Every structure is written in C-alpha cells, then in structure tokens.
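In what follows, a single structure is set out as structure tokens and then discussed.
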Amino acid sequence: MDLGLTNRVYVLTGASRGLGYATAEALVSSGARVVLTARDAVAVTAAADRLGGPAHAVGVAADLSDPGLPERLTATAHDTFGRLDGALVSVGGPPLGSAATVTDEQWRSSFETIFLGTVRMARTVAATLTDGGAIGLVLSASAREPLVGLGISNGLRPGLAGVAKDMAAEYGPRGVRVVGLLPGRILTDRNAQLFAASGDPEQARAAAEAEIPLRRLGAPAEFGRVAAFVLSPAASYLTGITLPVDGGALRGL
C-alpha cells in the first residue's frame, strides 16, 4: 500500500529511541522526512544520523516541558524541509508508584511534561496545519484500564485521551486529524524497567506474555508501522479514536 508519505514532514518528540524512533524509522522508510527531539543531544543527533542525516532527519535536543519547544520544532520543520504535515507526541513514562504514594512534586513534574507538554505541542502543531494533517498522541493502555504501580499514568493518560477526542472535534473542520495510540507491552526500555522493578524480570515478562492473546511482547517496529499509517494520508478518515497496539491485551470492546 502506498501511504502517501513521500516528501511529507513530521515532528516527533521522545524520538531518539523506543516508540518515537520506531515511528520515525517507519515514516522515513516510506519517503517522509522528520524532525526528532529528545533531551539527550548526543542520542537525538545519532538517531537522526541513523535515519539518513540532514536530507531525511534532523535532531533537536530539548525537553517537552519547555513552553517554547513546540514553536521551535514547527519552525525547524518549515525552515529545514519547507512544510509540516503532522506530529507524533511521545513522552517517557512517569515515576513508578501508586497514586497514593507518589509525591506532590512527582505529580507536578509529570503533569508539566506528560500532560501540559503534550497538549501544548498538539495545539501548536495543529495551528500550523493549514492544509490538513495528523497528530498522534502516544498514550498508554492505562488510558482505558488502570495499571498496577503506575498511579500517575493512570491519572494523566485518560485525561489525554479526552484531550485527543476534544481536539479531533475542534480541528476536524480544517481537515486535521487527532488520534490517541495506546501501546501495550512493547519491548522498550520502559517495559524493561517495569519488569526489573518486580524483582524477578524473567518471571514478570513471562506473566505479561501469558496475559496477551498473541503470547508475546510487541516489537517497537510493530508500533511504528501502525503510527506511521495513522499519520499518513492513507488513514484520512480516521480521527477522534484511541487505538490499542497491544496484541489484544485490552479485553474491553
């Protein structure tokens, strides 16, 4: 299938590795160009180089909690590649702990980055999409089903799913689509961290796989291909939904 991504341009946050990078890789392999951002300057530069360098990808070192970042990234896309067609907003997971045990400072810091940073990025990108486009918000299965030991995620991700729905209605008349993506157990550093926190990583992984109908963890590339499709013109009538990419782990209809 031709996704219609040739020469289209996307901004991706949290994209030096994991799900953001996997999506960037899928976009570039289909002809798109990307602006990547992550906090680690060395890592984000290396990620851009792996994707083919300046002709295909540029890296910007920054933190999503920076209020000026969204305009900086949209300007970089226009200045470097001459256009912008959408974004994937991905943020690292918050501190572990139940909602009752994490501190006020952990709540505040996570809200600034995960929630407000995502909202600010999405609305800034949407404002520049004058000829349609797509924005994907990388959320979590916790948007539908609370996860043990992830109280902050359980509190913030459902709210962002609501934001995605609200923005889809707001920007839809201009042809701008907004979709929430719900990764399940994908083999990323974050899930490795969660397994390690259990005290018995191998047993924790086996238990997680046993709960997934496909009986395995997902690969980042499997998420990346779905996200690239969602952002592409091939998904032109898809908006306002939260799409699980979880091997069937979520059991609700």
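Labeling convention for the structure tokens: chains A, B, ... as they appear, residues from 1 per chain, ligands from 1 in order of appearance.
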Query raised in the report: If we count only C-alpha atoms, what is near segment 68-76 of chain A at a cut-off of 8 Å, once residues fewer than 5 positions away on the same chain are taken out, given as a list in words?
Result: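 Once the adjacent positions are removed, what remains is Val11, Val35, Val60, Ala62, Asp63, Leu84, Arg120, Met121, Thr124, Val125 and Thr128 of chain A.
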Requested in this report: Enumerate as an MDAnalysis selection string all residues of segment 6-220 of chain A assigned to strand (DSSP E) by DSSP on the backbone, naming them with the chain letters and numbers the document uses.
Outcome: chainID A and resid 9:12 33:38 57:61 86:89 133:138 176:183
Query raised in the report: Interatomic distance between atom CA of Leu116 of chain A and atom CA of His56 of chain A?
Result: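 Between these atoms lies a distance of 29.1 Å.
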Report task. Would you mind listing what lies within 10 Å of segment 204-209 of chain A as number ranges by chain, with only C-alpha atoms counted and same-chain residues fewer than 2 positions away left out? Result -> A: 185, 187, 191-192, 194-202, 211-218, 247, 249
Write a file of the just-selected residues containing C-alpha atoms, as a PDB file, in the first residue's frame.
ATOM      1  CA  ARG A 185       3.585  -4.398  26.316  1.00  0.00           C
ATOM      2  CA  LEU A 187       9.734  -4.347  24.218  1.00  0.00           C
ATOM      3  CA  ASN A 191       8.900  -2.083  29.909  1.00  0.00           C
ATOM      4  CA  ALA A 192      12.321  -3.479  30.783  1.00  0.00           C
ATOM      5  CA  LEU A 194       8.870  -2.226  34.818  1.00  0.00           C
ATOM      6  CA  PHE A 195       9.954  -5.856  34.657  1.00  0.00           C
ATOM      7  CA  ALA A 196      13.121  -5.082  36.635  1.00  0.00           C
ATOM      8  CA  ALA A 197      11.110  -3.277  39.331  1.00  0.00           C
ATOM      9  CA  SER A 198       9.232  -6.513  40.020  1.00  0.00           C
ATOM     10  CA  GLY A 199      12.353  -8.134  41.451  1.00  0.00           C
ATOM     11  CA  ASP A 200      12.174 -11.063  39.009  1.00  0.00           C
ATOM     12  CA  PRO A 201      12.307  -9.699  35.439  1.00  0.00           C
ATOM     13  CA  GLU A 202      12.068 -13.070  33.697  1.00  0.00           C
ATOM     14  CA  GLU A 211      -1.910 -12.214  29.519  1.00  0.00           C
ATOM     15  CA  ILE A 212      -1.510 -11.220  25.873  1.00  0.00           C
ATOM     16  CA  PRO A 213      -3.582 -13.202  23.363  1.00  0.00           C
ATOM     17  CA  LEU A 214      -0.649 -13.277  20.926  1.00  0.00           C
ATOM     18  CA  ARG A 215       1.522 -14.604  23.797  1.00  0.00           C
ATOM     19  CA  ARG A 216       4.441 -12.298  23.141  1.00  0.00           C
ATOM     20  CA  LEU A 217       5.625  -8.760  23.636  1.00  0.00           C
ATOM     21  CA  GLY A 218       5.389  -6.397  20.713  1.00  0.00           C
ATOM     22  CA  GLY A 247      -1.544  -7.736  20.874  1.00  0.00           C
ATOM     23  CA  ALA A 249      -4.267  -7.381  25.822  1.00  0.00           C
TER      24      ALA A 249
END
Distance query segment 18-31 of chain A at most 6 Å, only C-alpha atoms, self and fewer than 5 positions along chain excluded, as a PDB file with all heavy atoms, in the first residue's frame:
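That gives us result_37.pdb:
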ATOM      1  N   LEU A   5       3.214   9.084   1.852  1.00  0.00           N
ATOM      2  CA  LEU A   5       4.097   9.800   2.767  1.00  0.00           C
ATOM      3  C   LEU A   5       5.287  10.476   2.088  1.00  0.00           C
ATOM      4  O   LEU A   5       6.022  11.226   2.740  1.00  0.00           O
ATOM      5  CB  LEU A   5       4.630   8.830   3.832  1.00  0.00           C
ATOM      6  CG  LEU A   5       3.625   8.441   4.918  1.00  0.00           C
ATOM      7  CD1 LEU A   5       4.138   7.261   5.738  1.00  0.00           C
ATOM      8  CD2 LEU A   5       3.339   9.627   5.831  1.00  0.00           C
ATOM      9  N   THR A   6       5.481  10.247   0.822  1.00  0.00           N
ATOM     10  CA  THR A   6       6.640  10.804   0.140  1.00  0.00           C
ATOM     11  C   THR A   6       6.701  12.320   0.282  1.00  0.00           C
ATOM     12  O   THR A   6       5.730  13.023  -0.041  1.00  0.00           O
ATOM     13  CB  THR A   6       6.627  10.428  -1.350  1.00  0.00           C
ATOM     14  OG1 THR A   6       6.632   8.998  -1.460  1.00  0.00           O
ATOM     15  CG2 THR A   6       7.850  10.988  -2.066  1.00  0.00           C
ATOM     16  N   ASN A   7       7.831  12.802   0.803  1.00  0.00           N
ATOM     17  CA  ASN A   7       8.124  14.230   0.997  1.00  0.00           C
ATOM     18  C   ASN A   7       7.265  14.917   2.059  1.00  0.00           C
ATOM     19  O   ASN A   7       7.369  16.129   2.236  1.00  0.00           O
ATOM     20  CB  ASN A   7       8.017  14.995  -0.323  1.00  0.00           C
ATOM     21  CG  ASN A   7       9.081  14.564  -1.308  1.00  0.00           C
ATOM     22  OD1 ASN A   7      10.198  14.223  -0.928  1.00  0.00           O
ATOM     23  ND2 ASN A   7       8.734  14.556  -2.585  1.00  0.00           N
ATOM     24  N   THR A 188      10.342  -2.140  25.004  1.00  0.00           N
ATOM     25  CA  THR A 188      11.097  -0.895  25.088  1.00  0.00           C
ATOM     26  C   THR A 188      11.858  -0.854  26.413  1.00  0.00           C
ATOM     27  O   THR A 188      11.647  -1.687  27.293  1.00  0.00           O
ATOM     28  CB  THR A 188      10.150   0.312  25.027  1.00  0.00           C
ATOM     29  OG1 THR A 188       9.238   0.229  26.144  1.00  0.00           O
ATOM     30  CG2 THR A 188       9.359   0.330  23.727  1.00  0.00           C
ATOM     31  N   PRO A 220       9.056  -2.661  18.907  1.00  0.00           N
ATOM     32  CA  PRO A 220       8.834  -1.251  18.604  1.00  0.00           C
ATOM     33  C   PRO A 220       8.440  -1.001  17.151  1.00  0.00           C
ATOM     34  O   PRO A 220       7.587  -0.147  16.881  1.00  0.00           O
ATOM     35  CB  PRO A 220      10.184  -0.604  18.947  1.00  0.00           C
ATOM     36  CG  PRO A 220      10.728  -1.459  20.039  1.00  0.00           C
ATOM     37  CD  PRO A 220      10.316  -2.864  19.661  1.00  0.00           C
ATOM     38  N   ALA A 221       9.025  -1.748  16.226  1.00  0.00           N
ATOM     39  CA  ALA A 221       8.703  -1.550  14.808  1.00  0.00           C
ATOM     40  C   ALA A 221       7.237  -1.842  14.511  1.00  0.00           C
ATOM     41  O   ALA A 221       6.646  -1.237  13.609  1.00  0.00           O
ATOM     42  CB  ALA A 221       9.597  -2.429  13.936  1.00  0.00           C
ATOM     43  N   GLY A 224       5.581   1.248  15.421  1.00  0.00           N
ATOM     44  CA  GLY A 224       5.961   2.297  14.484  1.00  0.00           C
ATOM     45  C   GLY A 224       5.202   2.237  13.176  1.00  0.00           C
ATOM     46  O   GLY A 224       4.802   3.274  12.631  1.00  0.00           O
ATOM     47  N   ARG A 225       4.965   1.042  12.677  1.00  0.00           N
ATOM     48  CA  ARG A 225       4.233   0.900  11.410  1.00  0.00           C
ATOM     49  C   ARG A 225       2.784   1.346  11.560  1.00  0.00           C
ATOM     50  O   ARG A 225       2.214   1.975  10.654  1.00  0.00           O
ATOM     51  CB  ARG A 225       4.318  -0.537  10.904  1.00  0.00           C
ATOM     52  CG  ARG A 225       5.706  -0.925  10.398  1.00  0.00           C
ATOM     53  CD  ARG A 225       5.682  -2.246   9.667  1.00  0.00           C
ATOM     54  NE  ARG A 225       5.411  -3.377  10.538  1.00  0.00           N
ATOM     55  CZ  ARG A 225       6.343  -4.096  11.152  1.00  0.00           C
ATOM     56  NH1 ARG A 225       7.625  -3.770  11.015  1.00  0.00           N
ATOM     57  NH2 ARG A 225       6.018  -5.134  11.909  1.00  0.00           N
ATOM     58  N   ALA A 228       2.801   5.191  11.826  1.00  0.00           N
ATOM     59  CA  ALA A 228       3.064   5.809  10.527  1.00  0.00           C
ATOM     60  C   ALA A 228       1.812   5.779   9.648  1.00  0.00           C
ATOM     61  O   ALA A 228       1.498   6.756   8.956  1.00  0.00           O
ATOM     62  CB  ALA A 228       4.227   5.089   9.826  1.00  0.00           C
TER      63      ALA A 228
END
Query raised in the report: Can you tell me how far atom CA of Leu137 of chain A sits from atom CA of Val89 of chain A, in Å to one decimal?
Result: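 Pair atom CA of Leu137 of chain A / atom CA of Val89 of chain A returns 5.0 Å.
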Requested in this report: Give me the residues within 7 Å of Leu182 of chain A as a ChimeraX atom specification, counting only C-alpha atoms and dropping any in the same chain fewer than 6 places off.
Outcome: /A:138-141,242-245
So which residues touch segment 147-162 of chain A within 6 Å, counting only C-alpha atoms, skipping near sequence neighbours fewer than 5 positions away, as a PDB file with N, CA and C atoms, in the first residue's frame?
ATOM      1  N   LEU A  96       7.426   5.402  38.866  1.00  0.00           N
ATOM      2  CA  LEU A  96       6.620   4.287  39.336  1.00  0.00           C
ATOM      3  C   LEU A  96       6.044   4.603  40.707  1.00  0.00           C
ATOM      4  N   GLY A  97       4.950   3.944  41.035  1.00  0.00           N
ATOM      5  CA  GLY A  97       4.322   4.126  42.340  1.00  0.00           C
ATOM      6  C   GLY A  97       2.827   4.292  42.208  1.00  0.00           C
ATOM      7  N   SER A  98       2.111   3.935  43.257  1.00  0.00           N
ATOM      8  CA  SER A  98       0.657   4.085  43.235  1.00  0.00           C
ATOM      9  C   SER A  98       0.280   5.561  43.351  1.00  0.00           C
ATOM     10  N   ALA A  99      -0.953   5.873  43.006  1.00  0.00           N
ATOM     11  CA  ALA A  99      -1.419   7.258  43.071  1.00  0.00           C
ATOM     12  C   ALA A  99      -1.321   7.815  44.481  1.00  0.00           C
ATOM     13  N   LEU A 139      -0.127   7.436  24.101  1.00  0.00           N
ATOM     14  CA  LEU A 139      -0.656   7.387  25.458  1.00  0.00           C
ATOM     15  C   LEU A 139      -0.228   6.068  26.095  1.00  0.00           C
ATOM     16  N   SER A 142      -3.150   2.340  29.940  1.00  0.00           N
ATOM     17  CA  SER A 142      -3.743   2.882  31.175  1.00  0.00           C
ATOM     18  C   SER A 142      -4.814   3.917  30.891  1.00  0.00           C
TER      19      SER A 142
END
Query raised in the report: From the set A:Arg33, A:Arg17, A:Arg251, A:Arg39, which residue has the shortest atom-to-atom contact distance to Ala55 of chain A, counting only C-alpha atoms?
Result: A:Arg33
Query - Shortest interatomic distance to Leu238 of chain A - which of A:Gly14, A:Gly53, A:Gly252, A:Gly172, counting only C-alpha atoms - result: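 Among the listed residues, A:Gly172 lies closest to Leu238 of chain A.
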Query raised in the report: How many Å separate atom CA of Ala234 of chain A from atom CA of Arg8 of chain A?
Result: 12.6 Å
Query raised in the report: Which is closest to Ile114 of chain A among A:Ala143, A:Asp79, A:Leu64, A:Met167, if we use only C-alpha atoms?
Result: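 Distance minimum relative to Ile114 of chain A lands on A:Leu64.
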**Report entry** Which residue of A:Val44, A:Ala87, A:Ala168, A:Val176 approaches Thr130 of chain A most closely, using only C-alpha atoms
**Finding:**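 Closest residue, counting only C-alpha atoms: A:Val176.
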